[in-house]
Amino acid sequence: MPNFQCEYCGLKFSSISTLTASSCQRHPSGSNKGRHKLYEGSEKSKYFCKFCGQSFSSIATMTASSCQRHPNGSNKGKHSPTL
């Protein structure tokens with residue numbers, strides 16, 4: 001069964017339509033102020049932040065913490081996965 005992950009929070013869904021139908025708690029505009037966004041990369045054993053290069057075991061772990069090299073300023077945004 002394919003897994004479709006949200007780029008913002010790492011939650012997995014069985015279809016793209018169920019992923020995009022609900023609000024995301026880690027949306028960049030604020031908690032539940034936007035919908036989940038499809039992560040278009042493949043599933044990996046390690047994910048890397050596109051801003052600082054730090055590695056994480058999952059997107060959920062990655063997006064739970066702030067990034068010191070985020071474009072909005074140090075610790076003013078979450079880590080974001082590379083494709």
# chains A, B, ... in the order shown; residues from 1 in each chain; ligands from 1
$ closest_atom_pairs --of "range 39-71 of chain A" --to "range 24-35 of chain A" --cutoff "12 Å" --atoms "only C-alpha atoms" --output "tab-separated table"
residue	atom	partner	partner_atom	distance
A:Ile59	CA	A:Arg26	CA	11.5
A:Ala60	CA	A:Arg26	CA	9.7
A:Thr61	CA	A:Arg26	CA	11.8
A:Met62	CA	A:Arg26	CA	11.3
A:Thr63	CA	A:Arg26	CA	7.6
A:Ala64	CA	A:Arg26	CA	8.0
A:Ser65	CA	A:Arg26	CA	10.4
A:Ser66	CA	A:Arg26	CA	11.3
A:His70	CA	A:Pro28	CA	11.9
$ select_by_dssp --residues "chain A" --states "strand (DSSP E or B)" --output "list of chain:residue names"
A:Phe4, A:Gln5, A:Cys6, A:Lys12, A:Phe13, A:Ser23, A:Arg35, A:Leu38, A:Tyr47, A:Phe48, A:Cys49, A:Ser55, A:Phe56, A:Ser66, A:Lys78, A:Pro81
$ residues_around --residues "range 78-83 of chain A" --least-positions-apart "2" --cutoff "12 Å" --atoms "only C-alpha atoms" --output "PyMOL selection string"
chain A and resi 5-10+26-30+37-44+46-76
$ select_by_dssp --residues "chain A" --states "alpha helix (DSSP H)" --output "list in words"
Ile16, Ser17, Thr18, Leu19, Thr20, Ala21, Ile59, Ala60, Thr61 and Met62 of chain A
$ write_last_selection --atoms "C-alpha atoms" --output "compact mmCIF listing (two decimals), in the first residue's frame"
# COMPACT_ATOMS: atom_id res chain seq x y z
CA ILE A 16 -3.57 12.06 -1.92
CA SER A 17 -7.22 13.05 -1.57
CA THR A 18 -7.32 12.15 2.14
CA LEU A 19 -4.00 13.94 2.69
CA THR A 20 -5.17 17.20 1.12
CA ALA A 21 -8.64 17.05 2.71
CA ILE A 59 9.79 13.89 8.37
CA ALA A 60 7.71 13.99 11.55
CA THR A 61 10.85 14.21 13.70
CA MET A 62 12.38 16.80 11.37
